[in-house]
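Next up, structure-v1.cif (mmCIF, C-alpha atoms):
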```cif
data_model
loop_
_atom_site.group_PDB
_atom_site.id
_atom_site.type_symbol
_atom_site.label_atom_id
_atom_site.label_comp_id
_atom_site.auth_asym_id
_atom_site.auth_seq_id
_atom_site.Cartn_x
_atom_site.Cartn_y
_atom_site.Cartn_z
ATOM 1 C CA MET A 1 0.000 0.000 0.000
ATOM 2 C CA GLU A 2 1.313 3.414 -0.980
ATOM 3 C CA ASN A 3 0.429 6.427 1.169
ATOM 4 C CA THR A 4 0.312 9.867 -0.425
ATOM 5 C CA ILE A 5 -0.661 13.111 1.337
ATOM 6 C CA CYS A 6 -1.857 16.075 -0.710
ATOM 7 C CA ILE A 7 -3.911 19.261 -0.900
ATOM 8 C CA GLU A 8 -6.499 19.288 -3.675
ATOM 9 C CA THR A 9 -8.413 22.259 -5.068
ATOM 10 C CA PRO A 10 -11.083 22.402 -7.790
ATOM 11 C CA THR A 11 -10.056 24.641 -10.690
ATOM 12 C CA ASP A 12 -12.906 24.173 -13.156
ATOM 13 C CA TRP A 13 -15.884 25.825 -11.428
ATOM 14 C CA LYS A 14 -17.635 28.471 -13.538
ATOM 15 C CA ASP A 15 -20.681 29.100 -11.345
ATOM 16 C CA TYR A 16 -18.728 29.370 -8.087
ATOM 17 C CA GLU A 17 -15.913 31.604 -6.881
ATOM 18 C CA LEU A 18 -14.242 32.231 -3.529
ATOM 19 C CA ILE A 19 -13.805 35.987 -3.855
ATOM 20 C CA ASP A 20 -11.994 36.704 -0.585
ATOM 21 C CA SER A 21 -11.485 35.361 2.916
ATOM 22 C CA GLY A 22 -10.289 36.589 6.281
ATOM 23 C CA SER A 23 -11.319 37.834 9.729
ATOM 24 C CA GLY A 24 -13.198 34.570 10.275
ATOM 25 C CA ALA A 25 -15.343 34.810 7.147
ATOM 26 C CA LYS A 26 -15.449 34.118 3.416
ATOM 27 C CA LEU A 27 -16.984 36.031 0.523
ATOM 28 C CA GLU A 28 -18.373 33.803 -2.219
ATOM 29 C CA ARG A 29 -20.184 33.963 -5.528
ATOM 30 C CA PHE A 30 -22.751 31.291 -6.363
ATOM 31 C CA GLY A 31 -23.887 32.044 -9.884
ATOM 32 C CA SER A 32 -24.441 35.800 -9.829
ATOM 33 C CA TYR A 33 -25.409 35.864 -6.147
ATOM 34 C CA ILE A 34 -22.777 36.908 -3.586
ATOM 35 C CA ILE A 35 -22.833 35.853 0.060
ATOM 36 C CA ALA A 36 -20.623 36.401 3.093
ATOM 37 C CA ARG A 37 -20.598 33.804 5.862
ATOM 38 C CA PRO A 38 -18.408 32.705 8.774
ATOM 39 C CA ASP A 39 -15.405 30.452 8.362
ATOM 40 C CA PRO A 40 -13.415 30.016 11.599
ATOM 41 C CA ARG A 41 -10.327 28.813 9.708
ATOM 42 C CA ALA A 42 -9.871 32.153 7.920
ATOM 43 C CA ILE A 43 -7.992 33.864 10.750
ATOM 44 C CA TRP A 44 -5.860 36.013 8.433
ATOM 45 C CA MET A 45 -6.758 39.477 7.178
ATOM 46 C CA PRO A 46 -9.027 39.888 4.153
ATOM 47 C CA ARG A 47 -7.494 41.470 1.066
ATOM 48 C CA ALA A 48 -10.532 42.717 -0.868
ATOM 49 C CA PRO A 49 -11.924 46.202 -0.093
ATOM 50 C CA LYS A 50 -14.511 46.396 2.689
ATOM 51 C CA THR A 51 -16.915 47.924 0.192
ATOM 52 C CA LEU A 52 -16.910 44.628 -1.718
ATOM 53 C CA TRP A 53 -17.816 42.698 1.423
ATOM 54 C CA ASP A 54 -20.497 45.242 2.329
ATOM 55 C CA ALA A 55 -22.041 44.837 -1.118
ATOM 56 C CA ALA A 56 -22.795 41.118 -0.561
ATOM 57 C CA HIS A 57 -26.405 40.248 -1.357
ATOM 58 C CA ALA A 58 -26.690 38.221 1.877
ATOM 59 C CA THR A 59 -24.578 37.912 5.030
ATOM 60 C CA TYR A 60 -24.847 35.208 7.687
ATOM 61 C CA VAL A 61 -24.417 36.650 11.176
ATOM 62 C CA ARG A 62 -24.227 34.891 14.535
ATOM 63 C CA LYS A 63 -23.418 36.055 18.055
ATOM 64 C CA ASN A 64 -20.765 33.412 18.754
ATOM 65 C CA GLN A 65 -19.255 30.219 17.339
ATOM 66 C CA THR A 66 -21.671 27.901 19.152
ATOM 67 C CA GLU A 67 -24.983 29.474 18.157
ATOM 68 C CA GLU A 68 -26.967 29.331 14.955
ATOM 69 C CA GLY A 69 -27.214 32.693 13.293
ATOM 70 C CA THR A 70 -29.463 34.490 10.854
ATOM 71 C CA TRP A 71 -29.167 35.675 7.291
ATOM 72 C CA GLN A 72 -29.234 39.405 6.706
ATOM 73 C CA ILE A 73 -30.558 39.578 3.165
ATOM 74 C CA LYS A 74 -30.187 42.811 1.219
ATOM 75 C CA THR A 75 -31.265 41.301 -2.077
ATOM 76 C CA PRO A 76 -33.276 38.065 -2.140
ATOM 77 C CA PRO A 77 -31.732 35.175 -4.060
ATOM 78 C CA PRO A 78 -33.101 34.410 -7.537
ATOM 79 C CA ASN A 79 -36.365 32.451 -7.626
ATOM 80 C CA ASP A 80 -34.511 29.519 -9.116
ATOM 81 C CA TRP A 81 -31.146 29.915 -7.406
ATOM 82 C CA SER A 82 -28.901 27.167 -8.698
ATOM 83 C CA VAL A 83 -25.365 26.470 -9.855
ATOM 84 C CA ARG A 84 -23.995 24.035 -12.394
ATOM 85 C CA TYR A 85 -20.804 22.018 -12.190
ATOM 86 C CA ASN A 86 -20.288 20.423 -15.600
ATOM 87 C CA ASP A 87 -23.469 18.337 -15.987
ATOM 88 C CA LEU A 88 -24.496 18.466 -12.307
ATOM 89 C CA VAL A 89 -27.021 21.078 -11.143
ATOM 90 C CA PHE A 90 -27.529 22.105 -7.513
ATOM 91 C CA THR A 91 -30.523 24.038 -6.231
ATOM 92 C CA LEU A 92 -29.443 26.459 -3.504
ATOM 93 C CA ARG A 93 -31.117 28.172 -0.584
ATOM 94 C CA PRO A 94 -29.852 29.817 2.605
ATOM 95 C CA THR A 95 -30.268 27.526 5.626
ATOM 96 C CA SER A 96 -30.343 28.271 9.329
ATOM 97 C CA PHE A 97 -26.939 26.597 9.778
ATOM 98 C CA LYS A 98 -25.186 28.857 7.195
ATOM 99 C CA HIS A 99 -24.928 26.290 4.371
ATOM 100 C CA VAL A 100 -26.608 26.777 0.996
ATOM 101 C CA GLY A 101 -26.768 23.195 -0.296
ATOM 102 C CA VAL A 102 -23.471 22.564 -2.050
ATOM 103 C CA PHE A 103 -19.849 22.295 -0.921
ATOM 104 C CA PRO A 104 -17.778 23.502 -3.899
ATOM 105 C CA GLU A 105 -14.512 21.896 -2.756
ATOM 106 C CA GLN A 106 -16.180 18.494 -3.199
ATOM 107 C CA ALA A 107 -15.840 18.827 -6.971
ATOM 108 C CA VAL A 108 -12.459 17.088 -6.767
ATOM 109 C CA ASN A 109 -14.110 14.103 -5.078
ATOM 110 C CA TRP A 110 -16.859 14.029 -7.699
ATOM 111 C CA GLN A 111 -14.251 13.895 -10.439
ATOM 112 C CA TRP A 112 -12.352 11.154 -8.617
ATOM 113 C CA LEU A 113 -15.523 9.091 -8.252
ATOM 114 C CA ARG A 114 -16.273 9.355 -11.952
ATOM 115 C CA GLN A 115 -12.766 8.223 -12.780
ATOM 116 C CA CYS A 116 -13.082 5.236 -10.416
ATOM 117 C CA ILE A 117 -16.470 4.152 -11.776
ATOM 118 C CA ASP A 118 -15.624 4.821 -15.428
ATOM 119 C CA ASN A 119 -19.026 3.899 -16.908
ATOM 120 C CA ARG A 120 -19.186 0.553 -15.111
ATOM 121 C CA PRO A 121 -22.409 -0.666 -13.418
ATOM 122 C CA LEU A 122 -20.888 -0.693 -9.933
ATOM 123 C CA ARG A 123 -22.970 -0.852 -6.761
ATOM 124 C CA VAL A 124 -22.231 2.200 -4.599
ATOM 125 C CA LEU A 125 -23.339 3.052 -1.059
ATOM 126 C CA ASN A 126 -23.390 6.746 -0.130
ATOM 127 C CA LEU A 127 -23.779 7.349 3.620
ATOM 128 C CA PHE A 128 -24.544 10.814 5.073
ATOM 129 C CA ALA A 129 -25.338 11.709 1.462
ATOM 130 C CA TYR A 130 -26.931 15.163 2.086
ATOM 131 C CA THR A 131 -27.977 16.959 -1.135
ATOM 132 C CA GLY A 132 -26.496 14.358 -3.438
ATOM 133 C CA GLY A 133 -23.364 15.693 -5.108
ATOM 134 C CA ALA A 134 -21.482 12.395 -4.795
ATOM 135 C CA THR A 135 -24.634 10.419 -5.600
ATOM 136 C CA MET A 136 -25.125 12.336 -8.842
ATOM 137 C CA ALA A 137 -21.466 12.035 -9.834
ATOM 138 C CA ALA A 138 -21.520 8.275 -9.239
ATOM 139 C CA ALA A 139 -24.861 7.745 -10.986
ATOM 140 C CA ALA A 140 -23.819 9.856 -13.969
ATOM 141 C CA ALA A 141 -20.714 7.654 -14.277
ATOM 142 C CA GLY A 142 -22.857 4.519 -14.526
ATOM 143 C CA ALA A 143 -23.179 3.267 -10.932
ATOM 144 C CA THR A 144 -26.271 2.071 -9.102
ATOM 145 C CA VAL A 145 -26.338 4.215 -5.955
ATOM 146 C CA THR A 146 -27.966 3.713 -2.568
ATOM 147 C CA HIS A 147 -28.314 7.218 -1.110
ATOM 148 C CA VAL A 148 -28.698 7.300 2.695
ATOM 149 C CA ASP A 149 -29.437 10.337 4.855
ATOM 150 C CA SER A 150 -31.338 10.661 8.125
ATOM 151 C CA ALA A 151 -33.066 13.912 7.113
ATOM 152 C CA LYS A 152 -36.102 13.723 4.844
ATOM 153 C CA SER A 153 -35.519 17.341 3.808
ATOM 154 C CA ALA A 154 -32.019 16.458 2.555
ATOM 155 C CA ILE A 155 -33.393 13.509 0.574
ATOM 156 C CA GLU A 156 -36.003 15.724 -1.091
ATOM 157 C CA TRP A 157 -33.342 18.331 -1.859
ATOM 158 C CA ALA A 158 -31.137 15.651 -3.431
ATOM 159 C CA LYS A 159 -34.038 14.309 -5.508
ATOM 160 C CA ASN A 160 -34.646 17.810 -6.834
ATOM 161 C CA ASN A 161 -30.974 18.114 -7.792
ATOM 162 C CA VAL A 162 -31.173 14.789 -9.617
ATOM 163 C CA THR A 163 -34.206 16.010 -11.561
ATOM 164 C CA LYS A 164 -32.525 19.292 -12.481
ATOM 165 C CA SER A 165 -29.425 17.399 -13.564
ATOM 166 C CA ARG A 166 -31.563 15.174 -15.813
ATOM 167 C CA LEU A 167 -30.435 12.035 -14.044
ATOM 168 C CA THR A 168 -33.869 10.612 -13.205
ATOM 169 C CA ASP A 169 -33.212 7.670 -15.537
ATOM 170 C CA LYS A 170 -30.259 6.596 -13.390
ATOM 171 C CA HIS A 171 -30.473 3.897 -10.725
ATOM 172 C CA ILE A 172 -30.702 5.621 -7.337
ATOM 173 C CA ARG A 173 -32.298 4.118 -4.234
ATOM 174 C CA TRP A 174 -33.371 6.687 -1.638
ATOM 175 C CA ILE A 175 -33.141 5.715 2.049
ATOM 176 C CA ILE A 176 -34.157 7.928 4.987
ATOM 177 C CA ASP A 177 -32.356 6.298 7.901
ATOM 178 C CA ASP A 178 -29.540 6.433 10.408
ATOM 179 C CA ALA A 179 -26.345 5.447 8.584
ATOM 180 C CA THR A 180 -25.146 2.886 11.130
ATOM 181 C CA LYS A 181 -28.542 1.222 11.506
ATOM 182 C CA PHE A 182 -28.913 0.940 7.749
ATOM 183 C CA ALA A 183 -25.397 -0.472 7.361
ATOM 184 C CA LEU A 184 -26.167 -3.109 10.017
ATOM 185 C CA ARG A 185 -29.324 -4.143 8.173
ATOM 186 C CA GLU A 186 -27.414 -4.395 4.909
ATOM 187 C CA GLN A 187 -24.874 -6.571 6.732
ATOM 188 C CA ARG A 188 -27.630 -8.925 7.939
ATOM 189 C CA ARG A 189 -29.144 -9.063 4.450
ATOM 190 C CA GLY A 190 -25.788 -9.957 2.938
ATOM 191 C CA ASN A 191 -25.844 -6.987 0.564
ATOM 192 C CA ILE A 192 -22.494 -5.853 -0.813
ATOM 193 C CA TYR A 193 -21.108 -2.822 -2.631
ATOM 194 C CA ASP A 194 -18.226 -2.150 -4.996
ATOM 195 C CA GLY A 195 -17.716 1.342 -3.606
ATOM 196 C CA ILE A 196 -18.619 3.132 -0.370
ATOM 197 C CA ILE A 197 -18.756 6.889 0.258
ATOM 198 C CA LEU A 198 -18.976 8.393 3.759
ATOM 199 C CA ASP A 199 -19.315 12.088 4.615
ATOM 200 C CA PRO A 200 -19.955 11.973 8.364
ATOM 201 C CA PRO A 201 -20.573 15.028 10.528
ATOM 202 C CA ARG A 202 -18.489 15.732 13.607
ATOM 203 C CA PHE A 203 -21.648 15.484 15.711
ATOM 204 C CA GLY A 204 -25.190 14.612 14.758
ATOM 205 C CA ARG A 205 -28.447 12.903 15.610
ATOM 206 C CA GLY A 206 -30.179 10.074 13.772
ATOM 207 C CA THR A 207 -33.820 9.583 12.859
ATOM 208 C CA LYS A 208 -34.760 8.644 16.442
ATOM 209 C CA GLY A 209 -32.356 10.906 18.310
ATOM 210 C CA GLU A 210 -29.329 8.636 18.076
ATOM 211 C CA VAL A 211 -26.199 10.583 18.957
ATOM 212 C CA TRP A 212 -23.275 10.467 16.500
ATOM 213 C CA LYS A 213 -19.744 11.412 17.591
ATOM 214 C CA ILE A 214 -17.180 10.975 14.847
ATOM 215 C CA GLU A 215 -14.278 9.919 17.099
ATOM 216 C CA GLU A 216 -16.332 7.140 18.706
ATOM 217 C CA ASP A 217 -18.713 6.088 15.972
ATOM 218 C CA LEU A 218 -16.797 6.347 12.699
ATOM 219 C CA PRO A 219 -14.478 3.404 13.480
ATOM 220 C CA LYS A 220 -17.520 1.285 14.446
ATOM 221 C CA LEU A 221 -19.344 2.175 11.229
ATOM 222 C CA LEU A 222 -16.279 1.478 9.129
ATOM 223 C CA ASP A 223 -15.946 -1.943 10.746
ATOM 224 C CA ILE A 224 -19.447 -2.698 9.442
ATOM 225 C CA CYS A 225 -18.637 -1.196 6.047
ATOM 226 C CA ARG A 226 -15.724 -3.590 5.672
ATOM 227 C CA THR A 227 -18.227 -6.471 5.618
ATOM 228 C CA LEU A 228 -20.284 -4.680 2.948
ATOM 229 C CA LEU A 229 -17.458 -4.566 0.411
ATOM 230 C CA SER A 230 -17.640 -6.923 -2.549
ATOM 231 C CA LYS A 231 -14.914 -9.475 -3.260
ATOM 232 C CA ASN A 232 -13.276 -7.034 -5.670
ATOM 233 C CA PRO A 233 -14.074 -3.546 -4.353
ATOM 234 C CA VAL A 234 -13.140 -0.524 -6.408
ATOM 235 C CA PHE A 235 -13.037 2.389 -3.956
ATOM 236 C CA VAL A 236 -13.799 3.774 -0.510
ATOM 237 C CA LEU A 237 -14.035 7.522 0.115
ATOM 238 C CA ILE A 238 -14.209 9.221 3.511
ATOM 239 C CA ASN A 239 -14.743 12.970 3.742
ATOM 240 C CA ALA A 240 -14.932 14.963 6.979
ATOM 241 C CA TYR A 241 -15.202 18.558 8.177
ATOM 242 C CA THR A 242 -13.974 18.279 11.755
ATOM 243 C CA ALA A 243 -10.914 20.179 12.921
ATOM 244 C CA ASP A 244 -10.502 17.785 15.860
ATOM 245 C CA ILE A 245 -8.849 15.054 13.792
ATOM 246 C CA SER A 246 -6.517 15.126 10.819
ATOM 247 C CA SER A 247 -6.505 13.420 7.448
ATOM 248 C CA VAL A 248 -3.755 11.173 8.795
ATOM 249 C CA VAL A 249 -6.238 9.803 11.337
ATOM 250 C CA ILE A 250 -8.846 9.276 8.625
ATOM 251 C CA SER A 251 -6.287 7.438 6.496
ATOM 252 C CA HIS A 252 -5.484 5.096 9.390
ATOM 253 C CA VAL A 253 -9.114 4.114 9.956
ATOM 254 C CA LEU A 254 -9.507 3.681 6.202
ATOM 255 C CA SER A 255 -6.527 1.333 6.161
ATOM 256 C CA ASP A 256 -8.365 -0.780 8.755
ATOM 257 C CA VAL A 257 -11.287 -1.099 6.347
ATOM 258 C CA THR A 258 -9.140 -2.061 3.367
ATOM 259 C CA ARG A 259 -6.462 -4.163 5.068
ATOM 260 C CA GLY A 260 -5.542 -7.149 2.948
ATOM 261 C CA ILE A 261 -6.994 -5.618 -0.227
ATOM 262 C CA VAL A 262 -4.526 -4.440 -2.846
ATOM 263 C CA GLY A 263 -4.834 -0.718 -3.480
ATOM 264 C CA ASN A 264 -3.578 2.759 -2.648
ATOM 265 C CA ILE A 265 -4.668 5.307 -0.060
ATOM 266 C CA THR A 266 -4.477 9.028 -0.747
ATOM 267 C CA PHE A 267 -5.266 11.482 2.035
ATOM 268 C CA GLY A 268 -5.049 15.176 2.700
ATOM 269 C CA GLU A 269 -7.052 18.385 2.623
ATOM 270 C CA LEU A 270 -9.586 19.899 0.281
ATOM 271 C CA ALA A 271 -9.206 23.642 -0.213
ATOM 272 C CA LEU A 272 -10.521 26.530 -2.267
ATOM 273 C CA ILE A 273 -8.344 29.172 -3.892
ATOM 274 C CA ASP A 274 -9.053 32.715 -2.777
ATOM 275 C CA LYS A 275 -9.351 34.791 -5.970
ATOM 276 C CA THR A 276 -8.144 38.031 -4.366
ATOM 277 C CA SER A 277 -4.959 36.727 -2.743
ATOM 278 C CA GLN A 278 -4.502 33.212 -4.233
ATOM 279 C CA ARG A 279 -4.372 31.868 -0.674
ATOM 280 C CA LEU A 280 -5.765 28.431 0.083
ATOM 281 C CA LEU A 281 -8.779 28.211 2.369
ATOM 282 C CA PRO A 282 -8.932 24.698 3.906
ATOM 283 C CA ASN A 283 -12.410 23.214 3.674
ATOM 284 C CA GLY A 284 -12.136 19.663 4.940
ATOM 285 C CA ILE A 285 -10.141 16.472 5.072
ATOM 286 C CA PHE A 286 -10.395 13.278 3.055
ATOM 287 C CA ALA A 287 -8.963 9.812 2.645
ATOM 288 C CA ARG A 288 -9.537 7.689 -0.455
ATOM 289 C CA TRP A 289 -8.731 4.079 -1.172
ATOM 290 C CA GLN A 290 -8.693 2.864 -4.775
ATOM 291 C CA ALA A 291 -8.050 -0.662 -5.964
ATOM 292 C CA SER A 292 -4.824 -1.195 -7.883
#
```
Would you mind writing the file out in structure tokens?
Amino acid sequence: MENTICIETPTDWKDYELIDSGSGAKLERFGSYIIARPDPRAIWMPRAPKTLWDAAHATYVRKNQTEEGTWQIKTPPPNDWSVRYNDLVFTLRPTSFKHVGVFPEQAVNWQWLRQCIDNRPLRVLNLFAYTGGATMAAAAAGATVTHVDSAKSAIEWAKNNVTKSRLTDKHIRWIIDDATKFALREQRRGNIYDGIILDPPRFGRGTKGEVWKIEEDLPKLLDICRTLLSKNPVFVLINAYTADISSVVISHVLSDVTRGIVGNITFGELALIDKTSQRLLPNGIFARWQAS
């Protein structure tokens, strides 16, 4: 097994741009709509003029790092606010927890998934699948995807993205459930997958109030996922947004899942390039295993 650490940034977005970052915030363009929202990693000074920040159509404001905030909207978003990444379309809306429905740095993972699948009818399991970026990338590449998320609202959002992306003819199974409980049921049924995608939160609650803590529960879930891999698996992707653990840690737990299977692990950070200063804004960590 070869270990490679890296920093990856998407460079082919047309509908998205990180305009500037600093003072604990980032200024972004989604389509023609510009928003400013907190980012605790951006502790440096912004480089763009304050007037540019003040001109944002919407700004997310909160009292402190632990509380949800509110959007201060100067100009409402378009009626059909959406962005396109190649053939994938994402419907956007401001949420109470500062997100808008797409994580632009994930484009590098979507491209990697398409390369792994390569128009083969693989069976793919996507856990913590949210609004469906990885699901759409995998389905568009030819895979049959089981999309699992505990929030019905996220499932409906993902279905809408699939429709807008004209992927309704693809094979996608929609599951509203706790990721670990679903994985256990798949284990009992003897179902297997050629590829598994996980995008777990640092902390969360399942459909019936189950508490998820990434440090405690990710290794347990991955132990189950190991039994769900087919005899000749193609890939496993783990993405995370917690600052409490590093990509090195994620790579180690991934190596537990894939021990004894010939392949390579790549791990590192996903980042966006700040247009104003060309600085990198870290946006998450990942570890990927791909069969040799």
ask   = Could you name the residues that touch Leu88 (chain A) at 10 Å or less, counting all atoms listed in the file, but leaving out those on the same chain fewer than 2 positions away, as a list in words?
value =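 With the cut-off at 10 Å, the set is Val83, Arg84, Tyr85, Asn86, Phe90, Trp110, Gly132, Gly133, Met136, Ala137, Ala140, Asn161, Val162, Lys164, Ser165, Arg166 and Leu167 of chain A.
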message = Counting all atoms listed in the file, which residue out of A:Glu105, A:Asp39, A:Asp12, A:Glu17 sits closest to Leu270 (chain A)?
response =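 Closest to Leu270 (chain A) of all the choices is A:Glu105.
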request  = Find the residues around Ile7 (chain A) up to 7 Å (all atoms listed in the file counted), leave out those fewer than 6 positions away in its own chain, and share them as a list in words.
outcome  = Gly268, Glu269, Leu270 and Ala271 of chain A
inquiry  = Residues within 12 Å of (-19.7, 2.2, 14.5), file coordinates, counting all atoms listed in the file: what are they? Give the list as a ChimeraX atom specification.
reply    = /A:178-184,200,211-226,253
For the residues selected in the previous step, produce a file with C-alpha atoms as a PDB file, in the frame of the given file.
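Saved file result05.pdb follows:
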```pdb
ATOM      1  CA  ASP A 178     -29.540   6.433  10.408  1.00  0.00           C
ATOM      2  CA  ALA A 179     -26.345   5.447   8.584  1.00  0.00           C
ATOM      3  CA  THR A 180     -25.146   2.886  11.130  1.00  0.00           C
ATOM      4  CA  LYS A 181     -28.542   1.222  11.506  1.00  0.00           C
ATOM      5  CA  PHE A 182     -28.913   0.940   7.749  1.00  0.00           C
ATOM      6  CA  ALA A 183     -25.397  -0.472   7.361  1.00  0.00           C
ATOM      7  CA  LEU A 184     -26.167  -3.109  10.017  1.00  0.00           C
ATOM      8  CA  PRO A 200     -19.955  11.973   8.364  1.00  0.00           C
ATOM      9  CA  VAL A 211     -26.199  10.583  18.957  1.00  0.00           C
ATOM     10  CA  TRP A 212     -23.275  10.467  16.500  1.00  0.00           C
ATOM     11  CA  LYS A 213     -19.744  11.412  17.591  1.00  0.00           C
ATOM     12  CA  ILE A 214     -17.180  10.975  14.847  1.00  0.00           C
ATOM     13  CA  GLU A 215     -14.278   9.919  17.099  1.00  0.00           C
ATOM     14  CA  GLU A 216     -16.332   7.140  18.706  1.00  0.00           C
ATOM     15  CA  ASP A 217     -18.713   6.088  15.972  1.00  0.00           C
ATOM     16  CA  LEU A 218     -16.797   6.347  12.699  1.00  0.00           C
ATOM     17  CA  PRO A 219     -14.478   3.404  13.480  1.00  0.00           C
ATOM     18  CA  LYS A 220     -17.520   1.285  14.446  1.00  0.00           C
ATOM     19  CA  LEU A 221     -19.344   2.175  11.229  1.00  0.00           C
ATOM     20  CA  LEU A 222     -16.279   1.478   9.129  1.00  0.00           C
ATOM     21  CA  ASP A 223     -15.946  -1.943  10.746  1.00  0.00           C
ATOM     22  CA  ILE A 224     -19.447  -2.698   9.442  1.00  0.00           C
ATOM     23  CA  CYS A 225     -18.637  -1.196   6.047  1.00  0.00           C
ATOM     24  CA  ARG A 226     -15.724  -3.590   5.672  1.00  0.00           C
ATOM     25  CA  VAL A 253      -9.114   4.114   9.956  1.00  0.00           C
TER      26      VAL A 253
END
```
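This file gives the following result for the PyMOL selection byres ((chain A and resi 26-37) around 6): Asp15, Tyr16, Glu17, Leu18, Ile19, Asp20, Ser21, Ala25, Pro38, Ala56, His57, Ala58, Thr59, Tyr60 and Val83 of chain A.
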query = Which residue out of A:Trp71, A:Trp81, A:Trp289, A:Tyr193 has the minimum interatomic distance to Ala143 (chain A) when all atoms listed in the file are used?
reply =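 Counting all atoms listed in the file, the residue closest to Ala143 (chain A) is A:Tyr193.
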query = Between CA of Asn283 (chain A) and CA of Phe103 (chain A), what is the spacing in Å?
reply =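 Distance reported for this atom pair: 8.8 Å.
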Among listed residues A:Tyr130, A:Trp44, A:Phe267, A:Phe286, nearest Ala154 (chain A) (using all atoms listed in the file) =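 Using all atoms listed in the file, Ala154 (chain A) sits closest to A:Tyr130.
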ask   = For Asp199 (chain A), which of A:Val236, A:Met45, A:Ile265, A:Val257 is the closest residue, counting all atoms listed in the file?
value =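 Among the listed residues, A:Val236 lies closest to Asp199 (chain A).
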A:Thr144, A:Thr9, A:Gln106, A:Thr91 ranked by distance to Tyr241 (chain A), top pick (using only C-alpha atoms) = A:Gln106
Using the structure just given, write a file holding C-alpha atoms for region 265-280 of chain A, as an mmCIF file, in the first residue's frame.
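Now in out.cif:
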```
data_model
loop_
_atom_site.group_PDB
_atom_site.id
_atom_site.type_symbol
_atom_site.label_atom_id
_atom_site.label_comp_id
_atom_site.auth_asym_id
_atom_site.auth_seq_id
_atom_site.Cartn_x
_atom_site.Cartn_y
_atom_site.Cartn_z
ATOM 1 C CA ILE A 265 -4.668 5.307 -0.060
ATOM 2 C CA THR A 266 -4.477 9.028 -0.747
ATOM 3 C CA PHE A 267 -5.266 11.482 2.035
ATOM 4 C CA GLY A 268 -5.049 15.176 2.700
ATOM 5 C CA GLU A 269 -7.052 18.385 2.623
ATOM 6 C CA LEU A 270 -9.586 19.899 0.281
ATOM 7 C CA ALA A 271 -9.206 23.642 -0.213
ATOM 8 C CA LEU A 272 -10.521 26.530 -2.267
ATOM 9 C CA ILE A 273 -8.344 29.172 -3.892
ATOM 10 C CA ASP A 274 -9.053 32.715 -2.777
ATOM 11 C CA LYS A 275 -9.351 34.791 -5.970
ATOM 12 C CA THR A 276 -8.144 38.031 -4.366
ATOM 13 C CA SER A 277 -4.959 36.727 -2.743
ATOM 14 C CA GLN A 278 -4.502 33.212 -4.233
ATOM 15 C CA ARG A 279 -4.372 31.868 -0.674
ATOM 16 C CA LEU A 280 -5.765 28.431 0.083
#
```
